[in-house]
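Text of input.txt, listed as compact mmCIF, C-alpha atoms:
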```
# COMPACT_ATOMS: atom_id res chain seq x y z
CA MET A 26 0.00 0.00 0.00
CA LYS A 27 2.83 2.37 0.89
CA ARG A 28 4.49 1.71 -2.44
CA LEU A 29 1.28 2.39 -4.32
CA LEU A 30 0.85 5.70 -2.51
CA TYR A 31 4.47 6.54 -3.30
CA VAL A 32 3.95 5.80 -7.00
CA LEU A 33 0.84 8.00 -6.93
CA TYR A 34 2.85 10.74 -5.26
CA VAL A 35 5.52 10.61 -8.00
CA LEU A 36 2.80 10.56 -10.66
CA VAL A 37 1.15 13.68 -9.24
CA ILE A 38 4.52 15.46 -9.19
CA ALA A 39 5.10 14.48 -12.82
CA ILE A 40 1.61 15.68 -13.85
CA VAL A 41 2.13 19.02 -12.13
CA LEU A 42 5.62 19.52 -13.59
CA ILE A 43 4.85 18.46 -17.17
CA PRO A 44 5.61 21.50 -19.41
CA LYS A 45 2.04 21.87 -20.63
CA GLU A 46 2.49 25.25 -22.30
CA LYS A 47 5.41 23.90 -24.31
CA MET A 48 3.30 20.90 -25.29
CA PHE A 49 0.65 23.29 -26.58
CA TYR A 50 3.25 25.34 -28.45
CA THR A 51 4.50 22.12 -30.05
CA LEU A 52 0.93 21.27 -31.08
CA GLU A 53 0.66 24.77 -32.58
CA GLY A 54 3.89 24.17 -34.51
CA VAL A 55 2.68 20.84 -35.90
CA LEU A 56 -0.60 22.42 -37.02
CA ALA A 57 1.22 25.43 -38.51
CA GLU A 58 3.22 23.04 -40.72
CA ASN A 59 -0.14 22.08 -42.21
CA GLN A 60 -1.15 25.73 -42.59
CA ILE A 61 -3.53 25.61 -39.62
CA PHE A 62 -2.95 28.36 -37.08
CA LEU A 63 -4.31 28.77 -33.57
CA SER A 64 -4.36 32.46 -32.68
CA ASN A 65 -5.45 34.96 -30.03
CA GLU A 66 -5.52 32.28 -27.32
CA THR A 67 -5.02 32.84 -23.60
CA LEU A 68 -3.22 30.11 -21.66
CA ASN A 69 -4.04 29.26 -18.06
CA ASN A 70 -1.95 26.64 -16.29
CA ARG A 71 -4.20 24.87 -13.78
CA PHE A 72 -1.45 22.65 -12.29
CA ILE A 73 -2.91 19.39 -13.52
CA SER A 74 -4.24 20.73 -16.80
CA LEU A 75 -3.81 23.59 -19.24
CA GLU A 76 -6.83 25.64 -20.22
CA ILE A 77 -6.72 27.64 -23.42
CA ASP A 78 -9.45 30.23 -23.92
CA ASN A 79 -10.85 32.00 -26.98
CA ILE A 80 -8.92 30.36 -29.76
CA GLN A 81 -9.27 31.49 -33.34
CA VAL A 82 -8.55 28.77 -35.87
CA MET A 83 -7.18 29.99 -39.19
CA ALA A 84 -6.25 28.05 -42.29
CA ASP A 85 -4.54 29.74 -45.21
CA HIS A 86 -5.48 33.25 -44.03
CA LEU A 87 -9.12 32.25 -43.53
CA ASN A 88 -10.97 32.25 -40.25
CA VAL A 89 -12.22 28.71 -40.06
CA ALA A 90 -13.59 28.50 -36.54
CA GLY A 91 -13.58 29.91 -33.04
CA ILE A 92 -13.21 27.75 -29.96
CA LYS A 93 -14.29 29.10 -26.59
CA GLN A 94 -12.17 26.76 -24.53
CA MET A 95 -9.69 23.95 -24.99
CA SER A 96 -8.27 21.86 -22.23
CA LEU A 97 -5.13 19.77 -22.27
CA SER A 98 -4.86 17.25 -19.46
CA PRO A 99 -1.71 15.12 -19.72
CA TRP A 100 -2.28 12.77 -16.82
CA ILE A 101 0.22 10.20 -18.18
CA VAL A 102 -1.96 7.14 -17.61
CA TYR A 103 -5.03 8.91 -18.98
CA ASN A 104 -4.60 11.90 -21.25
CA ARG A 105 -7.41 14.04 -22.55
CA PHE A 106 -7.79 16.92 -24.93
CA SER A 107 -11.15 18.62 -24.98
CA MET A 108 -12.75 21.51 -26.81
CA SER A 109 -15.97 23.25 -25.98
CA GLU A 110 -18.20 25.58 -27.96
CA LEU A 111 -16.52 25.28 -31.33
CA GLU A 112 -18.21 27.58 -33.80
CA VAL A 113 -17.44 27.15 -37.47
CA SER A 114 -17.34 30.32 -39.61
CA PRO A 115 -20.51 30.89 -41.68
CA GLN A 116 -18.72 30.34 -45.00
CA PHE A 117 -17.78 26.79 -44.02
CA ARG A 118 -21.14 25.77 -42.58
CA THR A 119 -22.27 24.15 -45.81
CA PHE A 120 -19.59 21.56 -45.29
CA PHE A 121 -19.07 21.34 -41.53
CA PRO A 122 -21.44 21.42 -38.57
CA GLY A 123 -21.97 25.04 -37.53
CA LYS A 124 -21.70 24.49 -33.80
CA VAL A 125 -19.97 21.71 -31.93
CA ASP A 126 -20.69 21.82 -28.19
CA ASN A 127 -18.01 19.43 -27.02
CA VAL A 128 -15.16 17.43 -28.50
CA LEU A 129 -13.20 15.01 -26.37
CA VAL A 130 -10.12 13.14 -27.53
CA SER A 131 -8.69 10.82 -24.91
CA TYR A 132 -5.82 8.39 -24.69
CA SER A 133 -5.52 5.77 -21.99
CA ILE A 134 -2.67 3.35 -21.38
CA LEU A 135 -5.36 0.67 -21.06
CA HIS A 136 -5.85 1.06 -24.83
CA PRO A 137 -2.37 2.14 -25.92
CA LEU A 138 -2.96 1.75 -29.65
CA SER A 139 -5.96 3.98 -30.10
CA LEU A 140 -7.42 7.37 -29.32
CA HIS A 141 -11.02 7.69 -28.29
CA ILE A 142 -13.03 10.50 -29.89
CA ARG A 143 -16.43 11.80 -28.86
CA ALA A 144 -18.29 14.91 -29.98
CA ASP A 145 -21.74 16.42 -29.85
CA GLY A 146 -23.27 19.50 -31.40
CA ASP A 147 -25.98 20.69 -33.73
CA PHE A 148 -25.33 17.70 -35.99
CA GLY A 149 -26.24 15.27 -33.19
CA SER A 150 -23.46 13.22 -31.68
CA CYS A 151 -20.66 10.97 -32.79
CA GLU A 152 -18.19 8.62 -31.22
CA GLY A 153 -15.23 6.80 -32.63
CA SER A 154 -11.58 5.99 -32.44
CA ALA A 155 -8.29 6.59 -34.20
CA ASP A 156 -6.09 3.54 -34.67
CA LEU A 157 -2.48 4.66 -34.18
CA ILE A 158 -1.01 1.59 -35.90
CA LYS A 159 -3.26 1.53 -38.98
CA ARG A 160 -3.38 5.35 -38.94
CA ALA A 161 -7.10 5.25 -39.58
CA VAL A 162 -10.05 7.11 -38.08
CA ARG A 163 -13.48 5.59 -37.72
CA ILE A 164 -16.29 7.75 -36.36
CA VAL A 165 -19.89 6.63 -35.98
CA PHE A 166 -22.50 9.36 -36.25
CA ALA A 167 -25.90 8.88 -34.64
CA SER A 168 -28.53 8.87 -37.40
CA THR A 169 -30.53 11.88 -36.30
CA PRO A 170 -32.65 14.27 -38.38
CA LYS A 171 -30.16 17.05 -37.45
CA LEU A 172 -27.53 15.36 -39.58
CA ARG A 173 -29.64 16.00 -42.69
CA ASN A 174 -28.75 19.69 -42.41
CA TYR A 175 -25.27 18.76 -43.62
CA PRO A 176 -25.80 16.90 -46.91
CA LEU A 177 -22.16 17.25 -47.95
CA LEU A 178 -21.05 15.68 -44.67
CA VAL A 179 -23.57 12.86 -45.11
CA LEU A 180 -22.11 12.22 -48.57
CA LYS A 181 -18.86 11.21 -46.88
CA LEU A 182 -20.57 8.74 -44.54
CA HIS A 183 -21.73 5.23 -45.21
CA GLN A 184 -24.44 3.26 -43.46
CA GLU A 185 -23.50 0.42 -41.16
CA LYS A 186 -25.28 -1.41 -38.35
CA GLU A 187 -24.14 1.06 -35.66
CA GLY A 188 -25.10 4.13 -37.66
CA LEU A 189 -23.52 6.39 -40.26
CA VAL A 190 -19.80 5.80 -40.38
CA TYR A 191 -16.97 8.12 -41.42
CA GLU A 192 -13.68 6.46 -42.20
CA SER A 193 -10.43 8.07 -43.21
CA ASP A 194 -6.66 7.60 -43.04
CA PHE A 195 -4.23 10.08 -41.57
CA MET B 13 20.00 21.07 15.46
CA ASN B 14 20.23 17.41 16.33
CA ARG B 15 16.83 16.80 14.85
CA ILE B 16 17.68 18.44 11.52
CA PHE B 17 20.61 16.14 10.94
CA ASN B 18 18.83 13.16 12.29
CA GLU B 19 19.40 10.29 9.86
CA GLN B 20 15.79 9.17 9.96
CA PHE B 21 14.59 12.67 9.11
CA LEU B 22 17.00 12.97 6.20
CA ARG B 23 15.76 9.68 4.80
CA GLN B 24 12.16 10.91 4.99
CA PHE B 25 13.22 14.21 3.43
CA ASN B 26 14.93 12.46 0.55
CA LEU B 27 12.00 10.15 0.05
CA PHE B 28 9.70 13.10 -0.71
CA PHE B 29 12.00 15.68 -2.23
CA PHE B 30 14.32 13.48 -4.26
CA PRO B 31 11.50 12.47 -6.70
CA ILE B 32 10.59 16.14 -7.13
CA ALA B 33 14.19 16.96 -8.08
CA VAL B 34 14.42 13.99 -10.45
CA VAL B 35 11.05 14.62 -12.13
CA TRP B 36 11.77 18.36 -12.38
CA SER B 37 15.13 17.63 -14.07
CA MET B 38 13.53 15.17 -16.46
CA MET B 39 10.70 17.55 -17.36
CA THR B 40 13.13 20.43 -17.86
CA LEU B 41 15.29 18.34 -20.16
CA GLY B 42 12.24 16.97 -21.99
CA GLY B 43 10.80 20.48 -22.25
CA MET B 44 13.92 21.61 -24.11
CA LEU B 45 12.90 19.31 -26.96
CA LEU B 46 9.50 21.00 -27.24
CA SER B 47 8.65 24.36 -28.81
CA GLN B 48 9.63 27.24 -26.54
CA LYS B 49 7.20 29.76 -28.01
CA GLY B 50 3.81 29.84 -29.63
CA ILE B 51 2.83 30.88 -33.12
CA GLU B 52 0.51 33.76 -33.84
CA HIS B 53 -1.02 34.23 -37.24
CA TYR B 54 -2.88 37.12 -38.72
CA SER B 55 -4.99 37.51 -41.79
CA ASP B 56 -4.01 39.71 -44.73
CA THR B 57 -5.86 42.62 -43.17
CA PHE B 58 -3.72 42.89 -40.06
CA ASP B 59 -2.11 46.20 -39.36
CA THR B 60 1.47 45.65 -38.21
CA PHE B 61 1.61 48.84 -36.17
CA PHE B 62 -1.66 48.12 -34.40
CA GLU B 63 -0.67 44.54 -33.64
CA MET B 64 2.70 45.66 -32.24
CA ILE B 65 0.91 47.93 -29.79
CA ARG B 66 -1.63 45.26 -28.92
CA PHE B 67 0.80 42.46 -28.31
CA GLY B 68 3.82 44.43 -27.15
CA ASP B 69 6.82 42.19 -26.58
CA LYS B 70 4.83 39.10 -27.49
CA PHE B 71 4.62 40.36 -31.05
CA LEU B 72 8.37 40.48 -31.42
CA LEU B 73 8.81 37.07 -29.86
CA THR B 74 6.17 35.27 -31.84
CA HIS B 75 6.50 36.66 -35.35
CA GLU B 76 9.01 35.37 -37.80
CA ALA B 77 10.13 37.61 -40.65
CA GLY B 78 8.20 35.39 -43.06
CA SER B 79 4.97 35.99 -41.18
CA LEU B 80 5.49 39.73 -41.48
CA LEU B 81 5.93 39.40 -45.21
CA LYS B 82 2.93 37.14 -45.57
CA GLY B 83 0.47 40.02 -45.44
CA LYS B 84 2.38 41.99 -48.08
CA THR B 85 1.46 41.63 -51.69
CA VAL B 86 2.98 42.74 -54.95
CA THR B 87 1.37 43.31 -58.31
CA THR B 88 3.00 41.58 -61.25
CA THR B 89 2.08 40.88 -64.83
CA ILE B 90 1.97 37.42 -66.32
CA SER B 91 1.22 36.14 -69.80
CA VAL B 92 -1.66 33.71 -70.14
CA PRO B 93 -2.41 31.83 -73.39
CA TYR B 94 -6.09 31.91 -74.12
CA PRO B 95 -7.73 30.21 -77.10
CA HIS B 96 -9.53 32.27 -79.71
CA ARG B 97 -11.30 31.30 -82.88
CA ILE B 98 -11.34 33.18 -86.14
CA LYS B 99 -14.92 32.81 -87.32
CA ALA B 100 -14.74 34.68 -90.62
CA ILE B 101 -12.32 36.59 -92.81
CA TYR B 102 -13.43 39.22 -95.33
CA ARG B 103 -10.92 40.70 -97.74
CA SER B 104 -11.41 43.34 -100.44
CA MET B 105 -9.40 46.15 -102.00
CA SER B 106 -11.18 48.81 -99.93
CA SER B 107 -11.43 47.10 -96.56
CA SER B 108 -10.54 43.84 -94.85
CA PHE B 109 -11.69 42.56 -91.51
CA THR B 110 -12.12 39.44 -89.44
CA SER B 111 -14.47 38.28 -86.74
CA ILE B 112 -12.78 36.75 -83.72
CA SER B 113 -14.39 34.96 -80.78
CA ASP B 114 -13.01 34.29 -77.32
CA GLY B 115 -15.75 31.80 -76.52
CA GLN B 116 -17.90 34.42 -74.84
CA THR B 117 -18.07 37.34 -77.26
CA THR B 118 -17.39 37.81 -80.95
CA THR B 119 -15.65 40.97 -82.11
CA VAL B 120 -15.12 42.31 -85.63
CA VAL B 121 -11.64 43.76 -86.12
CA ALA B 122 -10.59 45.72 -89.21
CA LEU B 123 -7.13 45.30 -90.69
CA GLY B 124 -4.88 47.71 -88.82
CA GLY B 125 -7.36 47.93 -85.94
CA LYS B 126 -6.89 46.79 -82.39
CA TYR B 127 -8.44 43.85 -80.62
CA LYS B 128 -9.09 44.26 -76.88
CA LYS B 129 -6.88 47.36 -76.95
CA VAL B 130 -3.76 45.18 -77.01
CA TYR B 131 -3.50 43.20 -80.26
CA SER B 132 -3.22 44.85 -83.66
CA LEU B 133 -4.51 42.99 -86.69
CA ILE B 134 -1.53 43.27 -89.01
CA GLY B 135 -2.31 40.69 -91.67
CA LEU B 136 -5.09 38.65 -93.22
CA SER B 137 -4.86 35.72 -95.58
CA ASP B 138 -7.59 33.40 -96.88
CA ASP B 139 -7.27 31.05 -93.92
CA ALA B 140 -5.54 32.98 -91.12
CA ALA B 141 -5.30 36.27 -89.28
CA VAL B 142 -2.09 37.64 -87.83
CA PHE B 143 -2.18 39.71 -84.67
CA LYS B 144 0.71 41.51 -83.05
CA GLY B 145 0.85 42.51 -79.43
CA VAL B 146 3.26 42.77 -76.52
CA GLY B 147 6.21 42.27 -78.87
CA LYS B 148 4.93 39.01 -80.28
CA SER B 149 2.97 37.85 -83.36
CA TYR B 150 0.12 35.34 -83.26
CA ARG B 151 -1.19 33.47 -86.29
CA LEU B 152 -4.76 32.39 -85.73
CA ARG B 153 -6.16 29.94 -88.24
CA LEU B 154 -9.72 30.18 -89.54
CA GLY B 155 -11.98 27.75 -87.65
CA HIS B 156 -9.34 26.65 -85.15
CA ASP B 157 -8.87 27.39 -81.49
CA ASP B 158 -5.45 28.97 -81.40
CA PRO B 159 -3.86 30.63 -78.39
CA LEU B 160 -3.59 34.37 -78.08
CA SER B 161 -1.68 35.62 -75.06
CA PHE B 162 -2.98 38.21 -72.72
CA GLU B 163 -1.08 40.19 -70.22
CA GLN B 164 -2.84 39.76 -66.90
CA THR B 165 -2.20 41.80 -63.80
CA VAL B 166 -2.20 39.68 -60.71
CA THR B 167 -1.53 40.31 -57.07
CA ARG B 168 0.42 37.77 -55.12
CA SER B 169 2.37 37.33 -51.95
CA VAL B 170 5.87 38.80 -51.80
CA ALA B 171 7.31 35.51 -50.63
CA ASP B 172 5.89 33.68 -53.62
CA VAL B 173 6.77 35.90 -56.55
CA SER B 174 8.16 33.68 -59.25
CA GLN B 175 7.18 32.68 -62.74
CA SER B 176 4.22 30.34 -62.93
CA LYS B 177 3.78 27.79 -65.67
CA ASN B 178 0.46 27.35 -67.37
CA GLU B 179 -0.96 24.12 -68.68
CA TRP B 180 -2.64 23.31 -71.99
CA ARG B 181 -4.65 20.11 -72.27
CA THR B 182 -7.31 18.57 -74.50
CA ILE B 183 -10.55 16.87 -73.54
CA PRO B 184 -13.14 15.09 -75.74
CA ARG B 185 -16.49 16.89 -75.94
CA ASP B 186 -18.57 13.76 -75.26
CA VAL B 187 -16.76 13.32 -71.93
CA VAL B 188 -17.51 16.95 -71.00
CA VAL B 189 -21.18 16.63 -71.92
CA GLN B 190 -21.53 13.32 -70.06
CA GLN B 191 -19.86 14.68 -66.92
CA SER B 192 -21.77 17.95 -66.89
CA LYS B 193 -25.11 16.12 -66.76
CA ASP B 194 -24.56 14.64 -63.30
CA LEU B 195 -23.91 17.29 -60.64
CA ARG B 196 -24.15 14.75 -57.81
CA ALA B 197 -21.44 12.59 -59.39
CA ILE B 198 -19.24 15.68 -59.68
CA PHE B 199 -19.57 16.41 -55.95
CA LYS B 200 -18.52 12.85 -55.22
CA GLN B 201 -15.32 13.37 -57.19
CA ILE B 202 -14.44 16.81 -55.97
CA ASP B 203 -15.06 18.57 -52.68
CA ILE B 204 -15.03 22.36 -52.93
CA SER B 205 -15.78 25.17 -50.53
CA GLU B 206 -16.11 28.87 -51.07
CA ILE B 207 -13.48 31.39 -49.92
CA TYR B 208 -14.52 34.79 -48.70
CA LYS B 209 -12.74 38.10 -48.94
CA GLY B 210 -14.83 40.27 -46.65
CA ASP B 211 -18.43 39.44 -47.45
CA LYS B 212 -17.78 38.48 -51.08
CA ILE B 213 -16.82 35.10 -52.45
CA ASP B 214 -13.27 35.27 -53.83
CA GLY B 215 -13.01 31.78 -55.28
CA PHE B 216 -13.61 28.13 -54.55
CA ARG B 217 -11.08 25.93 -52.80
CA VAL B 218 -10.62 22.31 -53.85
CA ASN B 219 -10.58 20.56 -50.47
CA SER B 220 -10.17 17.09 -51.85
CA ILE B 221 -10.25 15.48 -55.25
CA ASP B 222 -10.25 11.94 -56.53
CA PRO B 223 -7.04 11.80 -58.61
CA ASN B 224 -8.63 9.16 -60.86
CA SER B 225 -11.67 11.32 -61.57
CA LEU B 226 -12.02 13.50 -64.66
CA PHE B 227 -11.10 16.61 -62.66
CA GLY B 228 -8.06 14.91 -61.18
CA ARG B 229 -6.85 13.78 -64.60
CA LEU B 230 -7.41 17.28 -65.94
CA GLY B 231 -4.86 18.67 -63.55
CA LEU B 232 -6.77 20.09 -60.59
CA VAL B 233 -5.19 19.13 -57.30
CA SER B 234 -6.26 19.38 -53.69
CA GLY B 235 -5.56 22.85 -52.33
CA ASP B 236 -6.14 24.69 -55.63
CA VAL B 237 -8.32 27.76 -55.40
CA ILE B 238 -10.47 28.20 -58.52
CA LEU B 239 -10.63 31.94 -59.20
CA ALA B 240 -12.17 32.17 -62.65
CA VAL B 241 -13.40 30.12 -65.57
CA ASN B 242 -12.90 31.58 -69.05
CA ASN B 243 -11.93 34.87 -67.41
CA GLN B 244 -15.31 35.00 -65.65
CA LYS B 245 -14.62 35.52 -61.95
CA LEU B 246 -16.48 33.20 -59.63
CA GLU B 247 -17.96 35.55 -57.06
CA SER B 248 -21.10 33.64 -56.18
CA TYR B 249 -22.70 30.25 -56.53
CA ALA B 250 -24.83 31.83 -59.28
CA ASP B 251 -21.61 32.57 -61.23
CA SER B 252 -20.41 29.00 -60.85
CA PHE B 253 -23.74 27.55 -61.94
CA SER B 254 -23.82 29.96 -64.88
CA VAL B 255 -20.41 28.61 -65.97
CA TYR B 256 -21.56 25.05 -65.31
CA ASN B 257 -24.56 25.52 -67.62
CA LYS B 258 -22.36 26.92 -70.40
CA VAL B 259 -19.80 24.11 -70.26
CA PRO B 260 -21.45 21.81 -72.86
CA ARG B 261 -21.39 24.67 -75.40
CA MET B 262 -17.81 25.76 -74.75
CA ARG B 263 -15.01 25.10 -77.19
CA SER B 264 -12.37 25.59 -74.58
CA ILE B 265 -12.23 25.96 -70.84
CA GLN B 266 -9.64 28.11 -69.15
CA ILE B 267 -9.56 27.57 -65.40
CA THR B 268 -7.57 30.15 -63.45
CA VAL B 269 -6.43 28.66 -60.18
CA LEU B 270 -4.27 29.80 -57.32
CA ARG B 271 -1.81 27.01 -56.57
CA ASN B 272 0.71 27.50 -53.76
CA ASN B 273 -0.19 31.20 -53.86
CA LEU B 274 0.73 31.38 -57.56
CA PRO B 275 -1.87 32.06 -60.23
CA LYS B 276 -1.94 29.34 -62.85
CA ASP B 277 -4.09 28.81 -65.89
CA ILE B 278 -5.16 25.36 -66.96
CA VAL B 279 -6.56 25.49 -70.45
CA TYR B 280 -8.60 22.62 -71.86
CA GLU B 281 -9.31 22.53 -75.54
CA ILE B 282 -12.52 20.61 -76.09
CA THR B 283 -12.02 18.37 -79.08
CA ARG B 284 -14.73 16.77 -81.17
```
Structure encoded using structure tokens:
Amino acid sequence: MKRLLYVLYVLVIAIVLIPKEKMFYTLEGVLAENQIFLSNETLNNRFISLEIDNIQVMADHLNVAGIKQMSLSPWIVYNRFSMSELEVSPQFRTFFPGKVDNVLVSYSILHPLSLHIRADGDFGSCEGSADLIKRAVRIVFASTPKLRNYPLLVLKLHQEKEGLVYESDF
Amino acid sequence: MNRIFNEQFLRQFNLFFFPIAVVWSMMTLGGMLLSQKGIEHYSDTFDTFFEMIRFGDKFLLTHEAGSLLKGKTVTTTISVPYPHRIKAIYRSMSSSFTSISDGQTTTVVALGGKYKKVYSLIGLSDDAAVFKGVGKSYRLRLGHDDPLSFEQTVTRSVADVSQSKNEWRTIPRDVVVQQSKDLRAIFKQIDISEIYKGDKIDGFRVNSIDPNSLFGRLGLVSGDVILAVNNQKLESYADSFSVYNKVPRMRSIQITVLRNNLPKDIVYEITR
């Protein structure tokens, strides 16, 4: 029991001392290589997580979306990256859902080979995973009437038993 | 004093503070491999002076020279071949003229006169007209789609000023007609979205394209921004549908795209 508490103690120290801002800057750099820029954000280090407020997402000089809050929680054994109130710019709403309430991407050492993805918004909800070995994403959208508002998104989905499925490689 | 240097106390002290020192060292070393500063990006409309005041020191830390140049543009002139067709030639002792079409409009030009204020008609034979403009002569055959160059003024980013190459391709008419009948099939092959400059549409971006589709084979690639078709700017969906409806009747299609920030013309001659 003592050993377990000691391991937990070391883990908490590691979580607190992880350079979260630098991790976010690295994420920004990776996105910038693909011409996606996160701008105007405010960083708040909350010891065990990093909160990033009011992010403007730009791609090739265009305002693509605004995100009210992002949260980066690198808890080593369970890591999560969440976004809330993501609003897509009007010019892109034909192709993407206009408002996404929550997006959660999580990684647990219990499932070391995949990321879990969950989102909900005015398109309904979706849940899926990204396979890190096959480098493939599979997201299942709930077949709701709301989804019909995005015909060009539906065109990219195919029907399976669980619902409408989006599959892509990365 | 005795208590401070008590062996038992030191062991307890080490037990709790040693991991902090080790983890801190590891994180500091690991952190050196990560990015030390963030990236800020501004649209073309950003005012450097205003942003420097707003962000103070952060501005100087987060902007690379390239980012500063990104907002700057320069106007240059490029030459774009564009097919024209001589529809008729009339020659007599008193006057000679020809009618020339650019696919949209037909103009009658007298021998010695100017076409589109740039090209002078300097010669006419039974089967060809010779134009001269911008230090070059162009022989356009009667009934053929031959290229006539136009000087176009374009604005592009300072960092990307270099000569762009244009492409000239052919496409059978029956393929064009067949493809233009099925709009749904087209959207399956190509995914486009509009680009706004202020409130106005400034072009259509090709988000993804099936390289084996007709559009892929014709030379459009993912990331291209379609600015104009046959010199008609695409400023609304109405414009694009207007062009779409005219496609089966066109003899040539000139698609002006922005590729890697460089304007490029892809010209398709529609063959019978």
Work out how far apart CA of Val41 in chain A and CA of Ile77 in chain A are and give it in Å to one decimal.
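Between CA of Val41 in chain A and CA of Ile77 in chain A the gap works out to 16.7 Å.
Between Leu63 in chain A and the candidates A:Glu187, A:Asp126, A:Asp78, A:Asp145, the tightest atom-to-atom separation, counting only C-alpha atoms, involves A:Asp78.
If you measure from each of A:Asn174, A:Ser109, A:Asn65, A:Ser168 to chain B using all atoms listed in the file, the closest one turns out to be A:Asn65.
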If you take only C-alpha atoms and a cut-off of 8 Å, which residues of chain A touch chain B, and what are their nearest atom pairs and distances in Å to one decimal, in chain and number order, as JSON lines?
```
{"residue": "A:Val35", "atom": "CA", "partner": "B:Pro31", "partner_atom": "CA", "distance": 6.4}
{"residue": "A:Ile38", "atom": "CA", "partner": "B:Ile32", "partner_atom": "CA", "distance": 6.4}
{"residue": "A:Ala39", "atom": "CA", "partner": "B:Val35", "partner_atom": "CA", "distance": 6.0}
{"residue": "A:Leu42", "atom": "CA", "partner": "B:Trp36", "partner_atom": "CA", "distance": 6.4}
{"residue": "A:Ile43", "atom": "CA", "partner": "B:Met39", "partner_atom": "CA", "distance": 5.9}
{"residue": "A:Pro44", "atom": "CA", "partner": "B:Gly43", "partner_atom": "CA", "distance": 6.0}
{"residue": "A:Lys47", "atom": "CA", "partner": "B:Ser47", "partner_atom": "CA", "distance": 5.6}
{"residue": "A:Met48", "atom": "CA", "partner": "B:Leu46", "partner_atom": "CA", "distance": 6.5}
{"residue": "A:Phe49", "atom": "CA", "partner": "B:Gly50", "partner_atom": "CA", "distance": 7.9}
{"residue": "A:Tyr50", "atom": "CA", "partner": "B:Gly50", "partner_atom": "CA", "distance": 4.7}
{"residue": "A:Thr51", "atom": "CA", "partner": "B:Ser47", "partner_atom": "CA", "distance": 4.9}
{"residue": "A:Glu53", "atom": "CA", "partner": "B:Ile51", "partner_atom": "CA", "distance": 6.5}
{"residue": "A:Gly54", "atom": "CA", "partner": "B:Ile51", "partner_atom": "CA", "distance": 6.9}
{"residue": "A:Ala57", "atom": "CA", "partner": "B:Ile51", "partner_atom": "CA", "distance": 7.8}
{"residue": "A:Phe62", "atom": "CA", "partner": "B:His53", "partner_atom": "CA", "distance": 6.2}
{"residue": "A:Leu63", "atom": "CA", "partner": "B:Glu52", "partner_atom": "CA", "distance": 6.9}
{"residue": "A:Ser64", "atom": "CA", "partner": "B:Glu52", "partner_atom": "CA", "distance": 5.2}
{"residue": "A:Asn65", "atom": "CA", "partner": "B:Glu52", "partner_atom": "CA", "distance": 7.2}
{"residue": "A:Met83", "atom": "CA", "partner": "B:His53", "partner_atom": "CA", "distance": 7.7}
{"residue": "A:His86", "atom": "CA", "partner": "B:Ser55", "partner_atom": "CA", "distance": 4.8}
{"residue": "A:Leu87", "atom": "CA", "partner": "B:Ser55", "partner_atom": "CA", "distance": 6.9}
{"residue": "A:Gln116", "atom": "CA", "partner": "B:Glu206", "partner_atom": "CA", "distance": 6.8}
{"residue": "A:Phe117", "atom": "CA", "partner": "B:Ser205", "partner_atom": "CA", "distance": 7.0}
{"residue": "A:Phe120", "atom": "CA", "partner": "B:Ser205", "partner_atom": "CA", "distance": 7.4}
{"residue": "A:Leu180", "atom": "CA", "partner": "B:Lys200", "partner_atom": "CA", "distance": 7.6}
```
Could you give me, as a list in words, the residues that sit within 10 Å of (-28.5, 13.1, -36.9) in the file's coordinates, counting all atoms listed in the file?
Gly146, Asp147, Phe148, Gly149, Ser150, Cys151, Phe166, Ala167, Ser168, Thr169, Pro170, Lys171, Leu172, Arg173, Asn174, Tyr175, Val179, Gly188 and Leu189 of chain A
Report, in Å with one decimal, the straight-line distance from CA of Arg23 in chain B to CA of Leu33 in chain A.
19.1 Å
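With distances restricted to all atoms listed in the file, A:Ser96 is the closest residue to Asn127 in chain A from A:Leu140, A:Leu30, A:Ser114, A:Ser96.
Reported to one decimal place, the separation of CA of Gln244 in chain B from CA of Gln60 in chain A is 28.6 Å.
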Could you list, as a PyMOL selection string, every residue within 7 Å of Glu192 in chain A, counting only C-alpha atoms and ignoring same-chain residues fewer than 4 positions away?
chain A and resi 162-164
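Taking all atoms listed in the file, the non-local environment of Ile134 in chain A within 9 Å (same-chain residues fewer than 2 positions away omitted) comprises A:Ile101, A:Val102, A:Tyr103, A:Asn104, A:Tyr132, A:His136, A:Pro137, A:Leu138.
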Hey, what's within 8 Å of Lys45 in chain A if we count only C-alpha atoms and toss same-chain stuff fewer than 4 positions away? As a list in words, please?
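What passes the distance filter is Phe49, Asn70, Ser74, Leu75, Leu97 and Pro99 of chain A.
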